[in-house]
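The next block is target.cif, given as mmCIF, C-alpha atoms.
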data_entry
loop_
_atom_site.label_atom_id
_atom_site.label_comp_id
_atom_site.auth_asym_id
_atom_site.auth_seq_id
_atom_site.Cartn_x
_atom_site.Cartn_y
_atom_site.Cartn_z
CA MET A 1 -15.41 0.73 -0.40
CA LEU A 2 -15.58 -2.96 -1.26
CA ALA A 3 -15.93 -3.84 2.42
CA ALA A 4 -18.87 -1.42 2.73
CA ASP A 5 -20.64 -3.17 -0.13
CA VAL A 6 -19.94 -6.68 1.18
CA LEU A 7 -20.97 -5.85 4.74
CA GLY A 8 -24.00 -3.82 3.66
CA ARG A 9 -25.29 -5.95 0.79
CA ALA A 10 -24.12 -9.53 1.34
CA ALA A 11 -24.13 -9.56 5.14
CA GLY A 12 -26.84 -6.93 5.46
CA TRP A 13 -25.93 -6.17 9.07
CA GLY A 14 -28.28 -3.56 10.49
CA ALA A 15 -30.64 -3.53 7.50
CA LEU A 16 -34.13 -5.01 7.50
CA GLY A 17 -34.41 -8.59 6.33
CA PRO A 18 -36.71 -11.60 6.78
CA GLY A 19 -39.54 -11.59 9.26
CA PRO A 20 -40.15 -13.99 12.13
CA ARG A 21 -39.46 -17.61 11.22
CA THR A 22 -42.20 -18.69 13.62
CA ARG A 23 -44.99 -17.22 11.47
CA ARG A 24 -46.04 -18.86 8.22
CA ARG A 25 -45.89 -15.60 6.32
CA VAL A 26 -43.73 -14.50 3.38
CA ALA A 27 -43.46 -11.26 1.42
CA LEU A 28 -43.35 -10.93 -2.35
CA THR A 29 -41.39 -7.88 -3.52
CA PHE A 30 -40.86 -6.45 -7.01
CA ASP A 31 -38.07 -4.06 -7.99
CA ASP A 32 -37.74 -1.62 -10.92
CA GLY A 33 -41.33 -0.82 -11.94
CA PRO A 34 -43.88 0.26 -12.71
CA GLY A 35 -43.86 -0.57 -16.39
CA SER A 36 -45.25 -2.71 -19.17
CA ARG A 37 -45.32 -5.85 -17.02
CA THR A 38 -47.00 -4.33 -13.94
CA GLN A 39 -50.57 -4.98 -15.04
CA ASP A 40 -49.78 -8.65 -15.76
CA LEU A 41 -48.29 -9.03 -12.28
CA MET A 42 -51.33 -7.39 -10.72
CA THR A 43 -53.60 -9.80 -12.58
CA VAL A 44 -51.71 -12.83 -11.22
CA LEU A 45 -51.68 -11.39 -7.69
CA LYS A 46 -55.41 -10.67 -7.82
CA ARG A 47 -56.16 -14.20 -9.04
CA HIS A 48 -54.37 -15.59 -5.98
CA GLY A 49 -55.66 -12.93 -3.59
CA ALA A 50 -52.04 -12.03 -2.76
CA PRO A 51 -50.65 -8.60 -1.83
CA ALA A 52 -47.13 -7.53 -2.73
CA THR A 53 -44.64 -4.72 -2.16
CA PHE A 54 -43.36 -2.79 -5.18
CA PHE A 55 -40.05 -0.95 -4.96
CA VAL A 56 -40.46 1.62 -7.72
CA THR A 57 -37.99 3.99 -9.40
CA ALA A 58 -38.55 7.72 -9.78
CA PRO A 59 -38.50 7.78 -13.63
CA ASN A 60 -40.95 4.88 -13.92
CA ALA A 61 -43.25 6.26 -11.24
CA ALA A 62 -43.35 9.60 -13.06
CA ALA A 63 -43.96 7.90 -16.42
CA HIS A 64 -46.80 5.70 -15.15
CA PRO A 65 -48.94 7.58 -12.60
CA ASP A 66 -51.92 5.45 -13.62
CA LEU A 67 -50.11 2.26 -12.62
CA MET A 68 -48.95 3.84 -9.37
CA GLN A 69 -52.55 4.64 -8.54
CA ALA A 70 -53.71 1.18 -9.60
CA LEU A 71 -51.15 -0.46 -7.33
CA ALA A 72 -52.22 1.69 -4.40
CA ASP A 73 -55.92 1.09 -5.09
CA ALA A 74 -55.31 -2.68 -5.19
CA GLY A 75 -53.78 -2.54 -1.69
CA HIS A 76 -50.17 -3.15 -2.67
CA GLN A 77 -47.36 -1.44 -0.77
CA LEU A 78 -45.28 1.17 -2.61
CA GLU A 79 -41.69 1.76 -1.55
CA ALA A 80 -38.56 3.37 -3.02
CA HIS A 81 -35.92 1.94 -5.34
CA GLY A 82 -34.25 5.26 -6.05
CA ILE A 83 -33.79 7.61 -8.97
CA TRP A 84 -30.84 6.04 -10.79
CA HIS A 85 -30.62 2.29 -11.20
CA ARG A 86 -26.89 2.14 -10.52
CA PRO A 87 -24.81 0.48 -7.79
CA ALA A 88 -24.22 2.87 -4.90
CA LEU A 89 -20.45 2.67 -5.42
CA LEU A 90 -20.91 4.40 -8.78
CA LEU A 91 -22.77 7.40 -7.31
CA PRO A 92 -21.04 10.45 -5.84
CA PRO A 93 -22.30 11.29 -2.33
CA TRP A 94 -24.60 14.14 -3.47
CA MET A 95 -26.33 11.86 -5.98
CA GLU A 96 -26.64 9.06 -3.44
CA TRP A 97 -28.19 11.54 -0.99
CA ALA A 98 -30.88 12.35 -3.57
CA GLN A 99 -31.21 8.64 -4.33
CA VAL A 100 -31.86 7.74 -0.70
CA ARG A 101 -34.16 10.69 0.02
CA TRP A 102 -36.56 10.13 -2.89
CA HIS A 103 -39.77 8.31 -2.08
CA PRO A 104 -43.00 7.83 -4.05
CA ARG A 105 -45.13 8.60 -0.99
CA ALA A 106 -43.24 11.47 0.62
CA GLY A 107 -44.23 12.42 4.15
CA GLU A 108 -45.06 8.93 5.38
CA PRO A 109 -43.21 7.61 8.46
CA SER A 110 -40.90 4.57 8.52
CA LEU A 111 -40.22 4.68 4.79
CA LEU A 112 -38.26 1.87 3.17
CA PHE A 113 -35.47 2.14 0.61
CA ARG A 114 -34.05 -0.77 -1.36
CA PRO A 115 -30.77 0.20 -3.02
CA PRO A 116 -30.43 -0.94 -6.65
CA TYR A 117 -28.73 -4.36 -6.64
CA GLY A 118 -28.74 -4.06 -2.84
CA GLY A 119 -25.48 -2.15 -3.35
CA HIS A 120 -23.85 -0.07 -0.63
CA SER A 121 -21.23 2.64 -0.55
CA PRO A 122 -19.49 3.76 2.66
CA CYS A 123 -22.14 6.51 2.85
CA THR A 124 -25.32 4.48 2.29
CA ARG A 125 -26.27 3.66 5.87
CA LEU A 126 -25.41 7.14 7.17
CA LEU A 127 -27.43 8.82 4.42
CA ALA A 128 -30.36 6.48 5.05
CA ARG A 129 -30.30 7.34 8.73
CA LEU A 130 -30.20 11.07 7.99
CA ALA A 131 -33.10 10.68 5.57
CA ARG A 132 -35.04 8.56 8.08
CA ARG A 133 -35.14 5.62 5.71
CA ARG A 134 -34.74 1.94 6.53
CA ILE A 135 -32.75 -0.25 4.13
CA ALA A 136 -34.91 -3.20 3.08
CA LEU A 137 -33.15 -6.29 1.69
CA TRP A 138 -34.28 -9.87 1.00
CA ASP A 139 -33.27 -13.47 1.63
CA THR A 140 -34.73 -15.29 -1.40
CA GLU A 141 -34.05 -14.49 -5.06
CA GLY A 142 -36.41 -15.41 -7.87
CA ARG A 143 -33.50 -14.94 -10.36
CA ASP A 144 -35.95 -13.78 -13.02
CA TRP A 145 -33.11 -11.94 -14.79
CA LEU A 146 -31.74 -15.30 -15.96
CA ASP A 147 -32.69 -16.83 -19.30
CA LEU A 148 -34.25 -19.92 -17.75
CA PRO A 149 -37.74 -21.49 -17.88
CA ALA A 150 -40.24 -20.28 -15.30
CA ALA A 151 -40.61 -23.80 -13.87
CA GLU A 152 -36.88 -24.06 -13.16
CA LEU A 153 -36.78 -20.62 -11.55
CA ALA A 154 -39.84 -21.42 -9.44
CA ARG A 155 -38.33 -24.69 -8.26
CA TYR A 156 -35.14 -22.94 -7.18
CA THR A 157 -37.06 -20.15 -5.44
CA LEU A 158 -39.37 -22.46 -3.53
CA GLU A 159 -36.40 -24.52 -2.36
CA GLN A 160 -35.02 -21.38 -0.67
CA VAL A 161 -38.24 -20.08 0.86
CA ARG A 162 -38.84 -20.38 4.59
CA PRO A 163 -41.42 -18.81 6.89
CA GLY A 164 -40.63 -15.12 7.12
CA SER A 165 -38.85 -14.99 3.76
CA VAL A 166 -38.68 -11.84 1.64
CA ILE A 167 -38.73 -12.89 -2.02
CA LEU A 168 -37.00 -10.69 -4.61
CA LEU A 169 -38.60 -10.51 -8.06
CA HIS A 170 -38.54 -7.84 -10.77
CA ASP A 171 -41.22 -5.80 -12.50
CA GLY A 172 -40.00 -6.10 -16.06
CA PRO A 173 -38.75 -9.54 -17.18
CA GLU A 174 -41.06 -11.42 -19.53
CA VAL A 175 -40.86 -14.58 -17.43
CA THR A 176 -41.93 -13.00 -14.14
CA PRO A 177 -45.76 -13.23 -14.40
CA GLU A 178 -45.57 -16.97 -15.12
CA LEU A 179 -42.91 -17.41 -12.46
CA LEU A 180 -45.06 -15.51 -9.95
CA ASP A 181 -48.03 -17.78 -10.67
CA LEU A 182 -45.92 -20.90 -10.04
CA ILE A 183 -44.43 -19.45 -6.86
CA LEU A 184 -47.86 -18.58 -5.49
CA HIS A 185 -49.13 -22.11 -6.18
CA GLY A 186 -46.05 -23.47 -4.38
CA LEU A 187 -46.48 -21.17 -1.40
CA HIS A 188 -50.08 -22.26 -1.05
CA LYS A 189 -49.07 -25.94 -1.03
CA ARG A 190 -46.57 -25.19 1.75
CA GLY A 191 -49.14 -23.33 3.82
CA LEU A 192 -47.29 -20.01 3.47
CA THR A 193 -49.32 -16.81 3.20
CA PRO A 194 -48.07 -13.79 1.21
CA VAL A 195 -48.35 -10.49 3.08
CA LEU A 196 -47.12 -6.92 2.68
CA LEU A 197 -43.69 -6.13 4.09
CA ARG A 198 -45.25 -3.96 6.78
CA ASP A 199 -47.36 -6.93 7.88
CA LEU A 200 -44.54 -9.50 7.85
CA PRO A 201 -42.93 -7.56 9.62
CA MET A 202 -39.27 -7.29 8.57
CA GLN A 203 -36.64 -7.69 11.27
CA ARG A 204 -33.19 -6.17 11.70
CA ILE A 205 -30.40 -8.42 10.41
CA GLY A 206 -28.07 -9.28 13.26
CA LEU A 207 -24.58 -10.78 13.41
CA ARG A 208 -25.56 -14.44 13.13
CA ALA A 209 -28.10 -13.86 10.35
CA GLY A 210 -25.54 -11.72 8.52
CA LEU A 211 -22.97 -14.49 8.60
CA GLU A 212 -25.57 -16.90 7.22
CA ARG A 213 -26.30 -14.44 4.40
CA VAL A 214 -22.61 -14.24 3.49
CA ARG A 215 -22.30 -18.02 3.42
CA ALA A 216 -25.40 -18.26 1.22
CA SER A 217 -24.18 -15.51 -1.12
CA TYR A 218 -20.69 -16.89 -1.69
CA GLY A 219 -21.36 -20.56 -1.16
CA ARG A 220 -23.39 -21.07 -4.32
#
File written out as structure tokens:
Amino acid sequence: MLAADVLGRAAGWGALGPGPRTRRRVALTFDDGPGSRTQDLMTVLKRHGAPATFFVTAPNAAAHPDLMQALADAGHQLEAHGIWHRPALLLPPWMEWAQVRWHPRAGEPSLLFRPPYGGHSPCTRLLARLARRRIALWDTEGRDWLDLPAAELARYTLEQVRPGSVILLHDGPEVTPELLDLILHGLHKRGLTPVLLRDLPMQRIGLRAGLERVRASYGR
């Protein structure tokens, strides 16, 4: 079970990860919303003319249909973050099946699913395949769950960003709107353009890229 999580989450082999490194595009992604911070994030994104992809949870989507509609109307991409915000290893198979199958825009092709914490069980990839979902991971963390100043978090994030990067942020922490503003200024200075995940586009994580992810995860 531990090997499934390490191979699936840390290495990410077979999942979708960063886009082409030859294009000066990056993707901003937000997990856990929508919620009280969503409107602030949308305001910052609009000010910079930047689109983003929001991985939403079922309870929050049901609680905030107005924000779901606002995100869609603003041109942001809506994807799935599941029903229960728990690591996959803590879900029995029947709950993980429901977790993987749920999507805020049911019926659309090539739907993405980002497991909470990126966590995997031995069943995750099989269930995703059966549900016709693609696992979507990331290569750059904004670390907005840490109690650190926005400037420090932005500096760390921008040091990790490369063309094609998928940046992980969260729709919830108080620091994230300010952090997002600083990241967008930094991306502009580097000549990197934020796009939706579907426009990046994400690429399958192969053996070499997976080994690099493991080194990055455990070499900090």
- request: Specify as a list in words each residue included when the PyMOL selection byres ((chain A and resi 44) around 12) is applied to this file.
  value: Arg37, Thr38, Gln39, Asp40, Leu41, Met42, Thr43, Leu45, Lys46, Arg47, His48, Gly49, Ala50, Pro51, Ala52, Thr176, Pro177, Glu178, Leu179, Leu180, Asp181, Leu182, Ile183, Leu184 and His185 of chain A
- request: Find, counting all atoms listed in the file, the residue in A:Ala128, A:Ala72, A:Leu192, A:Leu28 that gets nearest to Asp171 of chain A.
  value: A:Leu28
task: Using only C-alpha atoms, pick whichever of A:Gly186, A:Gly118, A:Gly142, A:Pro194 has the shortest atom-to-atom distance to Gly8 of chain A.
output: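 That would be A:Gly118, the residue with the smallest distance to Gly8 of chain A.
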Evaluate the PyMOL selection byres ((chain A and resi 211) around 12) and report residues as a short mmCIF file (atom, residue, chain, number, x, y, z; two decimals) with C-alpha atoms, keeping the file's coordinate frame:
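The file below, expr_12.cif, is the result:
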data_model
loop_
_atom_site.label_atom_id
_atom_site.label_comp_id
_atom_site.auth_asym_id
_atom_site.auth_seq_id
_atom_site.Cartn_x
_atom_site.Cartn_y
_atom_site.Cartn_z
CA VAL A 6 -19.94 -6.68 1.18
CA LEU A 7 -20.97 -5.85 4.74
CA GLY A 8 -24.00 -3.82 3.66
CA ARG A 9 -25.29 -5.95 0.79
CA ALA A 10 -24.12 -9.53 1.34
CA ALA A 11 -24.13 -9.56 5.14
CA GLY A 12 -26.84 -6.93 5.46
CA TRP A 13 -25.93 -6.17 9.07
CA ILE A 205 -30.40 -8.42 10.41
CA GLY A 206 -28.07 -9.28 13.26
CA LEU A 207 -24.58 -10.78 13.41
CA ARG A 208 -25.56 -14.44 13.13
CA ALA A 209 -28.10 -13.86 10.35
CA GLY A 210 -25.54 -11.72 8.52
CA GLU A 212 -25.57 -16.90 7.22
CA ARG A 213 -26.30 -14.44 4.40
CA VAL A 214 -22.61 -14.24 3.49
CA ARG A 215 -22.30 -18.02 3.42
CA ALA A 216 -25.40 -18.26 1.22
CA SER A 217 -24.18 -15.51 -1.12
CA TYR A 218 -20.69 -16.89 -1.69
CA GLY A 219 -21.36 -20.56 -1.16
#
message: Please enumerate the residues selected by the PyMOL selection byres ((chain A and resi 168) around 8) when evaluated against the supplied file, formatted as a PyMOL selection string.
response: chain A and resi 28-31+138-143+166-167+169-170
message: Could you tell me how far atom CA of Ala80 of chain A sits from atom CA of Phe113 of chain A, in Å to one decimal place?
response: 4.9 Å
message: As an exercise, work out the distance from atom CA of Leu16 of chain A to atom CA of Met95 of chain A in Å and give it to one decimal place.
response: 23.0 Å
